[in-house]
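J.: The following block contains the structure, expressed as structure tokens.
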Amino acid sequence: MSTETITFINFLVHSLVIGAAAWLLVRFVIRDALRRCILANLAVLMCLYSPFDISMRDLFPTKQHVPVLTPIRETFEHDWRVKVEPQKGIASPTVAPAVASPWDWNDSVKWLHRLSWLVTALLLLRLLVQSVRLQRWAWGLRDLTQAEINTLPRDLPFERLSVSDASCTPCVAGWFFPIIAVPASAFQELTPPQWRWLIRHEREHLRMHDTVAVLLQNTALAFLWWNPFAYALIEEFSRAREEACDAAAVEEEPDQSSYIDFLLSWASKPSPSRFAMSIARSRPARRLQDRLVALMEARGVRKKLGALFVLGCAAFAMLAPFFAASFGIATVAAQEAAKADPKDKTMFTRIYRVEPGFLTLGQEQRDPFAGEPPPASMTAQQVLEKNGITFPEGSRALFQYATSQLIVRHTRVAIDQIEAIIDRLHHRLPQVYFQCKLIQADQHIGSHESILQSDEAEKLWKENSQRKGVDLLSAPRVTTKMGQGATVEVVREVLPEKPESKGIVIEAKFIGPSIKLVANPAADGKASIEAKVDLGIDPDAERPWLPKKDAQPDWTRVQTLSVSSKAVLASGETLVLHLPGAKKPVTVLITAEALNPQGQKAISFESTATMQPSSTGVDVPDKAASEWAVRVYKLPKSFPKDITPIELLKAAGIAFPKGADASLKDGKLIVRNTKANLELIQAWIDAMIYREVKKSVHLSVKVVEMKGDLVKLMSDWLQPSTEKVDAIQTPAASEPPPLAVRRQFTVTGIFTDPQFVRAMKRYAADPDGKLESLKPNPNSQMYVLPAAMGGQEMKVEPMISPDGNTIELIIRTPSQDQNPSSGISTSVTIPDGQTVVLGSQPSEGVSRLLFITGSLIEEKDKK
């Protein structure tokens with residue numbers, strides 16, 4: 001059963017149990033009318049409140065907390081690339097397909113739940129309508145005339161009396177400001193003793209606020225319409241309440257037969273509403289009969305409840321939920337908690353679907369600018385031990401690379417703890433989309449290290465873009481993951497003219513901007529941004545940051561301007577930095593935006609909201625040595641031959657109980673062991689085979705030419721499902737750069753696979769567009785650009801990152817002015833399957849873009 005089904009059924013059971021216990025007390029134990037009235041009213045409210053209270057708090061806590069709720073983990077089908085694969089099991093026998101059940105119990109209960117809420121809504125609506133009608137009827141009654149007042153006994157109060165000109169029985173009407181309604185005929189028919197009975201009876205209803213109690217009871221009954229004990233308790237309340245009012249009416253009169261005749265005379269009169277507290281009704285007849293019997297027996301009614309009775313009611317209110325909680329269906333939490341005995345050393349094998357980079361999750365992030373080597377990958381058992389899980393003898397954790405599955409063999413308590421750790425390690429964070437602008441002007445723009453809102457940054461740019469002497473040097477952008485450093489370079493290397501002596505390494509200098517960025521999670525959905533901006537310039541050149549094609553920068557004159565900063569930004573905010581030392585001050589604007597794995601804008605830098613339960617494979621208890629089997633394994637090349645198989649497998653953590661054996665024969669491993677240990681051996685061997693699989697990078701390069709500003713068009717195509725890609729702008733009042741500069745390719749952004757497919761579909765629909773796929777030179781990594789783009793060679797150097805899941809690209813685009821020394825080198829890291837977009841400013845009404853897609857391919861053994 002699902003959690004919703006168990007909760008719904010238990011609510012019904014607990015409400016019925018509490019109602020039944022209270023009805024037995026009221027019907028057969030409590031004899032006094034006032035006490036029966038109070039206890040019945042309390043019980044009706046408890047039938048509704050206590051089941052909610054039982055579900056909201058743990059009435060029977062276990063000695064040790066065991067995480068038992070089904071964890072919610074993020075699926076990885078919507079990761080950096082869209083890829084859906086069926087989950088593969090581990091060497092399990094063929095199982096016949098299950099026959100679908102003709103009906104689902106959970107669905108049936110769900111429909112019953114919906115039906116109950118529908119009936120409740122209708123009953124509440126009916127209660128509202130009837131209440132409004134009764135209140136309007138009470139407001140329509142008239143006050144007493146002086147003649148009518150003169151007919152009343154002088155010792156009776158008449159402030160709350162109202163008169164109805166229609167025929168009706170005397171009653172109390174109105175919810176919060178009730179009145180005593182009497183028919184006009186009563187002033188001619190009733191005697192002074194009868195007036196005293198009537199007023200005393202109805203004033204007792206007013207004194208005990210019975211109209212409010214009836215309103216609460218009927219509201220609760222709208223939710224408990226299915227509970228027969230709720231109806232029985234309300235009937236007991238009505239009988240006891242009328243019995244107490246009758247006792248107040250007659251007080252200590254020895255002969256009550258006249259009062260009985262008085263009640264019977266009103267029983268046939270109509271009542272204005274079932275919610276009006278009428279002095280007598282013929283229906284239900286059993287209620288009137290019980291009242292008459294009580295009057296004939298002269299039963300006494302207490303004036304006060306008594307301290308012992310109040311304590312007893314308080315004890316009932318506290319103990320009833322504990323009593324009711326012992327009934328019903330055991331929840332998943334209770335079942336698991338009962339099984340999760342810390343002293344139980346029975347081993348279970350459980351399989352979890354995790355992401356391919358599970359072994360690198362949770363490792364401390366190194367300084368992206370320090371040049372430190374990446375940390376070595378840990379084993380699955382080391383990852384769990386680092387998070388507080390101990391592995392006694394017989395337990396084991398293995399990560400199966402081929403299927404991205406984590407196989408754990410441990411006790412039930414430890415498995416529940418491991419499940420919580422897996423959820424925490426897979427806490428997903430959005431990507432970070434950085435947009436940078438380097439602006440040179442006569443003075444710095446804005447305040448150094450100030451943080452601007454999106455509208456403030458836009459206003460600052462509009463105000464300064466029209467000023468004379470303002471130049472936009474570069475506008476690089478890049479998408480990266482949280483904690484992963486990104487470097488954006490639009491530079492031109494400068495080497496010394498004369499080679500130095502051998503053994504002396506001369507650092508190459510560069511001209512142009514190099515921006516290093518890294519973002520880490522911060523509080524309140526923000527990101528902690530670390531930025532380092534280097535700008536290489538030739539101060540003696542006419543354009544210090546962009547020498548002309550015939551200019552040969554002197555290595556000794558090249559200077560590097562640098563600025564570093566740390567700031568905490570919300571998504572869409574901009575950090576302002578001032579580069580010192582230039583003849584014309586340079587301002588850097590760095591904007592950070594949050595993107596989810598599909599490339600869509602996220603509200604903040606917190607985890608994404610596309611989290612769904614991941615499927616857990618099997619949960620097989622280890623039945624000691626009762627289930628044995630023999631299995632033959634194909635050995636990988638790296639399987640050690642200088643040690644016996646048993647010693648090797650024992651060193652890997654595989655248990656070999658008495659009677660287990662392992663041997664090598666004809667290049668195969670034959671093992672006799674328990675089924676649980678055989679599955680661990682299979683996973684261990686699969687991991688060794690996977691380590692021997694080599695990966696290579698496949699590049700797909702496409703060139704697109706199209707009329708208009710293609711960057712702006714792509715921004716429109718991808719809206720509203722992704723981030724807006726702003727076109728690189730040139731200040732209106734500044735001198736436009738040369739044609740070769742406008743045609744120079746720089747990084748425009750990084751597309752996920754869905755974004756790239758969407759952009760290509762929209763582009764293919766344009767009849768004027770030109771698309772060309774570039775093939776590399778077989779002997780090099782050079783791609784020849786079309787003649788319209790200069791016809792030169794572009795070099796792309798791909799490398800697999802140490803984590804084995806991302807690709808590092810070094811892209812060297814040639815200069816468009818035929819000057820080899822002025823080419824631009826760009827370094828970027830992308831996940832498997834993503835696309836780097838390089839674009840140039842529109843020239844001659846034509847936009848040109850390069851799409852470089854990197855994919856990881858496994859190189860299978862050809863033997």
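How things are named: the first chain in the structure tokens is A, the next is B, and so on; residues count from 1 in each chain; ligands count from 1 in the order shown.
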Any chance you could list, as a PyMOL selection string, the residues in stretch 132-368 of chain A that come up strand (DSSP E or B) when DSSP is run on the backbone?
T.: chain A and resi 142+161-164+171-173+179-183+277-278+348-353
J.: Excluding A:His205 and any residue of its chain fewer than 4 positions from it, enumerate the residues within 8 Å of it, using only C-alpha atoms, and give them as a PyMOL selection string.
T.: chain A and resi 172+201+209-211+245+277
J.: Can you tell me which residues surround A:Arg281 at a distance of at most 7 Å, considering only C-alpha atoms, apart from same-chain residues fewer than 5 positions away, and format the answer as an MDAnalysis selection string?
T.: chainID A and resid 267:268 288
J.: In Å, with one decimal, what is the gap from atom CA of A:Ile149 to atom CA of A:Pro178?
T.: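 Going from atom CA of A:Ile149 over to atom CA of A:Pro178 covers 19.9 Å.
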J.: Please provide the set of residues having any atom within 6 Å of A:Asn520, restricted to only C-alpha atoms, with same-chain residues fewer than 4 positions apart removed, written as a ChimeraX atom specification.
T.: /A:482-483,527-528
J.: List the neighbours of stretch 314-316 of chain A out to 12 Å using only C-alpha atoms; skip same-chain residues closer than 6 positions along the sequence, and give me the result as a ChimeraX atom specification.
T.: /A:18-19,21-22,25,38-40,42-43,46,50,307-308,322-324
J.: Identify which of the residues A:Thr7, A:Gln188, A:Ser167, A:Thr674 lies closest to A:Ala147, counting only C-alpha atoms when measuring atom-to-atom distances.
T.: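 Looking only at the distances to A:Ala147, the closest residue turns out to be A:Gln188.
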J.: Which residues come within 8 Å of stretch 645-657 of chain A, counting only C-alpha atoms, excluding same-chain residues fewer than 5 positions away, as a PyMOL selection string?
T.: chain A and resi 394-396+625+662-664+669+673+677+680-681
J.: Those same residues - N, CA, C and O atoms - I'd like them written as a JSON list (two decimals), in the first residue's frame.
T.:
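Listing of again-v6.json after writing:
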```json
[["chain", "number", "residue", "atom", "x", "y", "z"],
["A", 394, "GLY", "N", 32.40, -9.02, 6.34],
["A", 394, "GLY", "CA", 31.27, -9.52, 5.58],
["A", 394, "GLY", "C", 30.51, -8.46, 4.82],
["A", 394, "GLY", "O", 29.72, -8.78, 3.94],
["A", 395, "SER", "N", 30.71, -7.17, 5.14],
["A", 395, "SER", "CA", 30.04, -6.09, 4.43],
["A", 395, "SER", "C", 30.94, -5.56, 3.33],
["A", 395, "SER", "O", 32.17, -5.67, 3.39],
["A", 396, "ARG", "N", 30.32, -4.92, 2.34],
["A", 396, "ARG", "CA", 31.09, -4.47, 1.18],
["A", 396, "ARG", "C", 30.28, -3.46, 0.39],
["A", 396, "ARG", "O", 29.05, -3.48, 0.41],
["A", 625, "ALA", "N", 24.48, -19.42, 4.58],
["A", 625, "ALA", "CA", 25.03, -20.38, 3.61],
["A", 625, "ALA", "C", 23.94, -21.28, 3.05],
["A", 625, "ALA", "O", 24.23, -22.36, 2.54],
["A", 662, "ALA", "N", 37.34, -21.09, -5.12],
["A", 662, "ALA", "CA", 37.55, -20.34, -6.36],
["A", 662, "ALA", "C", 38.80, -20.90, -7.03],
["A", 662, "ALA", "O", 39.81, -21.21, -6.37],
["A", 663, "SER", "N", 38.73, -21.02, -8.37],
["A", 663, "SER", "CA", 39.87, -21.56, -9.12],
["A", 663, "SER", "C", 39.89, -20.98, -10.52],
["A", 663, "SER", "O", 38.87, -20.48, -11.02],
["A", 664, "LEU", "N", 41.07, -21.06, -11.16],
["A", 664, "LEU", "CA", 41.26, -20.60, -12.53],
["A", 664, "LEU", "C", 41.37, -21.81, -13.44],
["A", 664, "LEU", "O", 42.11, -22.77, -13.15],
["A", 669, "LEU", "N", 37.39, -17.77, -14.42],
["A", 669, "LEU", "CA", 37.33, -17.89, -12.96],
["A", 669, "LEU", "C", 36.07, -18.65, -12.59],
["A", 669, "LEU", "O", 34.95, -18.25, -12.95],
["A", 673, "ASN", "N", 30.10, -20.14, -4.15],
["A", 673, "ASN", "CA", 29.89, -19.28, -3.00],
["A", 673, "ASN", "C", 28.39, -19.02, -2.85],
["A", 673, "ASN", "O", 27.59, -19.53, -3.64],
["A", 677, "ASN", "N", 27.35, -13.26, -2.36],
["A", 677, "ASN", "CA", 28.76, -13.02, -2.63],
["A", 677, "ASN", "C", 29.07, -13.12, -4.11],
["A", 677, "ASN", "O", 29.96, -12.41, -4.63],
["A", 680, "LEU", "N", 28.42, -9.82, -5.71],
["A", 680, "LEU", "CA", 29.49, -8.86, -5.42],
["A", 680, "LEU", "C", 30.72, -9.14, -6.29],
["A", 680, "LEU", "O", 31.37, -8.21, -6.76],
["A", 681, "ILE", "N", 31.02, -10.41, -6.51],
["A", 681, "ILE", "CA", 32.16, -10.75, -7.37],
["A", 681, "ILE", "C", 31.90, -10.29, -8.80],
["A", 681, "ILE", "O", 32.79, -9.77, -9.48]]
```
